[in-house]
Amino acid sequence: MPVAPRRTALLCALLTSAVPLTTATAAEPRAATTTPPLRFGACPASVPAPPAPDRVECGTVRVPLDHTRPDGDHLRIAVSRVRASGTPAERRGVLLVNPGGPGGSGLPYAVTKRAKLPAAVRRAYDVIGFDPRGTGHSAPAGCGPMGGLFDRPGTGSAPLDPVPYDRPGERAYLDSQRRLAADCAAGTGRALPHLSTSETARDMDAVRAALGERRISFLGVSYGTYLGAAYTARFPRHVDKLVLDSVVGPEDWHTFDIRQAHALLRQRDVLFDWLARHDSRFRLGATAHQVRAAYRRTRDGLAAHPVAGFGAAAFDRAVYRALGRTERWAALGDGLRTYLDEGAVDRLRPAEPFDGPASRTYEAANRVVKCADGPGPTPGRVLADIRGLRRADPHPVLTGLEAAACTYWHTRPAERTRLGSPAAPPALLVASSHDPVTPIAGARALGRTLPGSRLVTLHDDYSHGVFASRGNSCVDSTVAAYLVGGTVPAGNVHCDGPGLPEPSPRP
């Protein structure tokens, strides 16, 4: 991607950390005893420009690879900032934001999320984005082939169908997880145990110190809620306001992945019924049973005969992505119909190819962080949980079971990430009542680790990501009042949601 001249100098500085840590950290000088002020300049071209007169600026913060060994190897965390647009009297400090993952790049998020925030929040806060360690421009993790995850069918050792239906399939599934773990160990090197949520929480506090702030506010979405809770556990008195949207519960990653997989199956049933109720639009069947059959014909066909590298695994990834946001359902329905009519998969493919560089970095960071956060499951538990999913539905979607690779991880964390603290100020948790990606039970459970917290629920909603995302005035005004005025609701807040959408006319 071409780089604008004004951005070239800082991009070079950012990219000094965007190489494997096995080589990037060797030449780093010894750690400073205090965090120097963060110096901002131009941003890489991947960071969009905000609407005028606002502008985005970027810099880096130098942090230890292992925070318990501050004199050891170091890496640089890429940081972005869009300043508050209000008067000095309106300013409330800085608002760090994280888009989720693990593996999501936060550097552009300061611009894209800020554009959706209520005006009062934009006027009150400098919005700070950052690439967590292992992602984007902050020493990205590398996992090479990842056990065949990125192989196109017929060109590698990855099975054509990622769902194991028999004992040989189960052995092949476990073998793919073993090879994935070996690829990550080889690609990430000595950084492997240090790309954890706990280390990232310490990086956040280094960012806070570099900004010269005594306390920070934080808005995390999805995995960002887990990160925010981890920061709160370690630095409760450095937290001002804490908004956790679409909450990951306080459980180990494999347990979360399985909970999500069951919720996705329930959501898929809702999708089948929705497509059936709009049969005149999608022509997949007038009953949920008929739509399921059309879905199975599509998947079975792609498993047997992939189209231009798009097989069962790619189809499952497309379904996984679509189930989390109802505005993607119509496109999925159109994709099913087009494949059944024409054998084409263009409408099923995501906008960004799964095997592109950004996606590879995301997938690598996702596994590396999850497996650095705590001990993984045993092979027996992985298979038992997959069999449980197959009992719930003969054809589950296993795309989100990233922590299965932790079974064979090459380092063993001694303990799980600590979340929440009774010493932290009251937090605001936000959840959609039928979010299948982060089921609402996780918000209720995490809330119990954050005394005084309140839960804002968007009822009759089926999507992932709520605040400044769903356009719901009840949710947005409640969170804005908390962030700007410090108003903690007297109790949990219940907002009316939009229900399921009406599909647009056939394109």
# chains A, B, ... in the order shown; residues from 1 in each chain; ligands from 1
$ select_by_dssp --residues "stretch 258-492 of chain A" --states "alpha helix (DSSP H)" --output "VMD selection string"
chain A and resid 258 to 277 279 to 282 288 to 304 312 to 323 329 to 342 357 to 372 379 to 392 440 to 447 473 to 485
$ write_last_selection --atoms "C-alpha atoms" --output "tab-separated table (two decimals), in the first residue's frame"
chain	number	residue	atom	x	y	z
A	258	ILE	CA	-17.54	-23.94	23.59
A	259	ARG	CA	-20.19	-21.67	25.13
A	260	GLN	CA	-19.97	-19.48	22.03
A	261	ALA	CA	-20.23	-22.48	19.68
A	262	HIS	CA	-23.49	-23.60	21.31
A	263	ALA	CA	-24.87	-20.06	21.12
A	264	LEU	CA	-23.97	-19.91	17.42
A	265	LEU	CA	-25.98	-23.07	16.81
A	266	ARG	CA	-29.00	-21.47	18.46
A	267	GLN	CA	-28.47	-18.34	16.37
A	268	ARG	CA	-28.22	-20.42	13.20
A	269	ASP	CA	-31.64	-21.88	13.96
A	270	VAL	CA	-32.98	-18.33	14.26
A	271	LEU	CA	-31.36	-17.54	10.91
A	272	PHE	CA	-32.94	-20.56	9.23
A	273	ASP	CA	-36.36	-19.53	10.51
A	274	TRP	CA	-35.78	-15.92	9.33
A	275	LEU	CA	-34.78	-17.04	5.86
A	276	ALA	CA	-37.86	-19.27	5.69
A	277	ARG	CA	-40.16	-16.40	6.69
A	279	ASP	CA	-38.81	-17.28	1.28
A	280	SER	CA	-40.15	-15.02	-1.49
A	281	ARG	CA	-36.90	-13.04	-1.17
A	282	PHE	CA	-34.33	-15.84	-0.75
A	288	ALA	CA	-36.69	-23.82	8.64
A	289	HIS	CA	-36.27	-27.52	7.83
A	290	GLN	CA	-36.17	-26.77	4.11
A	291	VAL	CA	-33.69	-23.93	4.61
A	292	ARG	CA	-31.47	-26.21	6.66
A	293	ALA	CA	-31.53	-28.70	3.82
A	294	ALA	CA	-30.47	-25.98	1.35
A	295	TYR	CA	-27.68	-25.00	3.74
A	296	ARG	CA	-26.51	-28.61	3.94
A	297	ARG	CA	-26.54	-29.01	0.14
A	298	THR	CA	-24.31	-25.96	-0.09
A	299	ARG	CA	-21.84	-27.08	2.53
A	300	ASP	CA	-21.75	-30.70	1.36
A	301	GLY	CA	-21.16	-29.54	-2.19
A	302	LEU	CA	-18.29	-27.28	-1.20
A	303	ALA	CA	-16.76	-29.98	1.02
A	304	ALA	CA	-16.77	-32.44	-1.89
A	312	ALA	CA	-16.11	-26.39	3.80
A	313	ALA	CA	-13.69	-24.55	6.11
A	314	ALA	CA	-14.06	-21.28	4.22
A	315	PHE	CA	-17.84	-21.71	4.17
A	316	ASP	CA	-17.91	-22.26	7.94
A	317	ARG	CA	-15.83	-19.12	8.46
A	318	ALA	CA	-18.27	-17.12	6.33
A	319	VAL	CA	-21.21	-18.48	8.35
A	320	TYR	CA	-19.41	-17.77	11.64
A	321	ARG	CA	-18.84	-14.17	10.57
A	322	ALA	CA	-22.43	-13.69	9.37
A	323	LEU	CA	-24.12	-15.12	12.47
A	329	TRP	CA	-27.84	-12.37	7.08
A	330	ALA	CA	-29.31	-11.22	3.79
A	331	ALA	CA	-25.91	-11.45	2.09
A	332	LEU	CA	-25.47	-14.98	3.40
A	333	GLY	CA	-28.93	-15.95	2.15
A	334	ASP	CA	-28.12	-14.49	-1.26
A	335	GLY	CA	-24.83	-16.38	-1.27
A	336	LEU	CA	-26.57	-19.69	-0.56
A	337	ARG	CA	-29.09	-19.10	-3.35
A	338	THR	CA	-26.40	-18.08	-5.85
A	339	TYR	CA	-24.31	-21.16	-5.12
A	340	LEU	CA	-27.30	-23.48	-5.48
A	341	ASP	CA	-28.35	-21.80	-8.74
A	342	GLU	CA	-24.99	-21.15	-10.36
A	357	PRO	CA	-1.65	-10.90	5.49
A	358	ALA	CA	-3.89	-9.03	7.95
A	359	SER	CA	-6.03	-12.12	8.50
A	360	ARG	CA	-2.97	-14.30	9.04
A	361	THR	CA	-1.69	-11.89	11.69
A	362	TYR	CA	-5.10	-11.83	13.37
A	363	GLU	CA	-5.41	-15.62	13.43
A	364	ALA	CA	-1.87	-16.03	14.77
A	365	ALA	CA	-2.34	-13.44	17.52
A	366	ASN	CA	-5.70	-14.93	18.44
A	367	ARG	CA	-4.21	-18.35	19.21
A	368	VAL	CA	-1.00	-17.02	20.75
A	369	VAL	CA	-2.80	-14.72	23.19
A	370	LYS	CA	-5.43	-17.26	24.20
A	371	CYS	CA	-2.78	-19.90	24.87
A	372	ALA	CA	-0.60	-17.46	26.82
A	379	PRO	CA	-7.16	-33.69	24.17
A	380	GLY	CA	-9.89	-35.73	25.82
A	381	ARG	CA	-11.81	-32.64	26.84
A	382	VAL	CA	-11.51	-31.11	23.36
A	383	LEU	CA	-13.01	-34.23	21.77
A	384	ALA	CA	-15.70	-34.57	24.46
A	385	ASP	CA	-16.79	-30.97	23.90
A	386	ILE	CA	-16.87	-31.39	20.12
A	387	ARG	CA	-18.98	-34.53	20.54
A	388	GLY	CA	-21.28	-32.52	22.81
A	389	LEU	CA	-21.68	-29.95	20.05
A	390	ARG	CA	-22.48	-32.70	17.57
A	391	ARG	CA	-25.13	-34.06	19.93
A	392	ALA	CA	-26.66	-30.58	20.04
A	440	ILE	CA	-25.00	-12.36	27.85
A	441	ALA	CA	-24.29	-14.88	30.62
A	442	GLY	CA	-20.66	-13.75	30.41
A	443	ALA	CA	-21.62	-10.16	31.21
A	444	ARG	CA	-23.61	-11.24	34.24
A	445	ALA	CA	-20.72	-13.37	35.51
A	446	LEU	CA	-18.05	-10.71	34.96
A	447	GLY	CA	-20.25	-8.12	36.62
A	473	SER	CA	-30.47	5.93	21.79
A	474	CYS	CA	-31.24	4.30	25.15
A	475	VAL	CA	-27.88	2.50	25.23
A	476	ASP	CA	-25.85	5.36	23.78
A	477	SER	CA	-27.28	8.04	26.07
A	478	THR	CA	-26.79	5.86	29.17
A	479	VAL	CA	-23.14	5.18	28.36
A	480	ALA	CA	-22.48	8.79	27.34
A	481	ALA	CA	-23.92	10.07	30.63
A	482	TYR	CA	-21.61	7.68	32.49
A	483	LEU	CA	-18.50	8.63	30.50
A	484	VAL	CA	-19.06	12.38	30.45
A	485	GLY	CA	-20.92	13.08	33.68
$ residues_around --residues "stretch 233-250 of chain A" --least-positions-apart "6" --cutoff "9 Å" --atoms "only C-alpha atoms" --output "PyMOL selection string"
chain A and resi 95+198+201-202+205+208+213-226+256+418-432+435+437-447+449+464-467+479+482-483+486
$ residues_around --residues "A:Leu211" --least-positions-apart "4" --cutoff "7 Å" --atoms "only C-alpha atoms" --output "list of chain:residue names"
A:Pro37, A:Leu38, A:Val207
$ write_last_selection --atoms "N, CA and C atoms" --output "PDB file, in the first residue's frame"
ATOM      1  N   PRO A  37       7.861  10.514  27.962  1.00  0.00           N
ATOM      2  CA  PRO A  37       6.618  11.013  27.351  1.00  0.00           C
ATOM      3  C   PRO A  37       6.443  10.479  25.940  1.00  0.00           C
ATOM      4  N   LEU A  38       5.199  10.251  25.565  1.00  0.00           N
ATOM      5  CA  LEU A  38       4.887   9.733  24.233  1.00  0.00           C
ATOM      6  C   LEU A  38       4.949  10.880  23.236  1.00  0.00           C
ATOM      7  N   VAL A 207       1.370   2.973  28.507  1.00  0.00           N
ATOM      8  CA  VAL A 207       0.779   4.005  27.648  1.00  0.00           C
ATOM      9  C   VAL A 207       0.195   5.121  28.502  1.00  0.00           C
TER      10      VAL A 207
END
$ closest_atom_pairs --of "stretch 132-226 of chain A" --to "stretch 66-69 of chain A" --cutoff "9 Å" --atoms "only C-alpha atoms" --output "tab-separated table"
residue	atom	partner	partner_atom	distance
A:Ala191	CA	A:Asp66	CA	8.6
A:His194	CA	A:Asp66	CA	6.2
A:Glu199	CA	A:His67	CA	6.8
A:Arg202	CA	A:His67	CA	7.4
A:Asp203	CA	A:His67	CA	8.7
$ write_last_selection --atoms "C-alpha atoms" --output "PDB file, in the first residue's frame"
ATOM      1  CA  ALA A 191       8.073 -14.184  22.675  1.00  0.00           C
ATOM      2  CA  HIS A 194       4.753 -13.144  26.694  1.00  0.00           C
ATOM      3  CA  GLU A 199       1.377  -8.395  29.642  1.00  0.00           C
ATOM      4  CA  ARG A 202       0.866  -3.742  31.742  1.00  0.00           C
ATOM      5  CA  ASP A 203       1.556  -2.212  28.320  1.00  0.00           C
TER       6      ASP A 203
END
$ residues_around --residues "A:Pro51" --least-positions-apart "5" --cutoff "10 Å" --atoms "only C-alpha atoms" --output "list in words"
Val56, Val111 and Ala115 of chain A
$ closest_residue --among "A:Leu96, A:Leu75, A:Ala286, A:Ala186" --to "A:Pro140" --atoms "only C-alpha atoms"
A:Leu75
$ select_by_dssp --residues "stretch 147-363 of chain A" --states "strand (DSSP E or B)" --output "compact mmCIF listing (two decimals) with C-alpha atoms, in the first residue's frame"
# COMPACT_ATOMS: atom_id res chain seq x y z
CA ILE A 216 -7.43 6.40 32.18
CA SER A 217 -10.90 5.52 30.96
CA PHE A 218 -11.34 2.47 28.78
CA LEU A 219 -13.85 1.24 26.19
CA GLY A 220 -13.37 -2.40 25.21
CA VAL A 221 -15.52 -4.46 22.85
CA VAL A 239 -9.08 3.29 36.22
CA ASP A 240 -11.47 6.21 35.84
CA LYS A 241 -14.43 5.04 33.70
CA LEU A 242 -14.72 1.47 32.40
CA VAL A 243 -17.15 0.50 29.61
CA LEU A 244 -17.19 -3.18 28.64
CA ASP A 245 -19.33 -3.88 25.58
CA VAL A 307 -14.73 -23.73 -5.79
CA PHE A 310 -13.46 -22.08 -1.22
$ closest_residue --among "A:Arg190, A:Arg470, A:Arg454, A:His410" --to "A:Arg178" --atoms "only C-alpha atoms"
A:His410
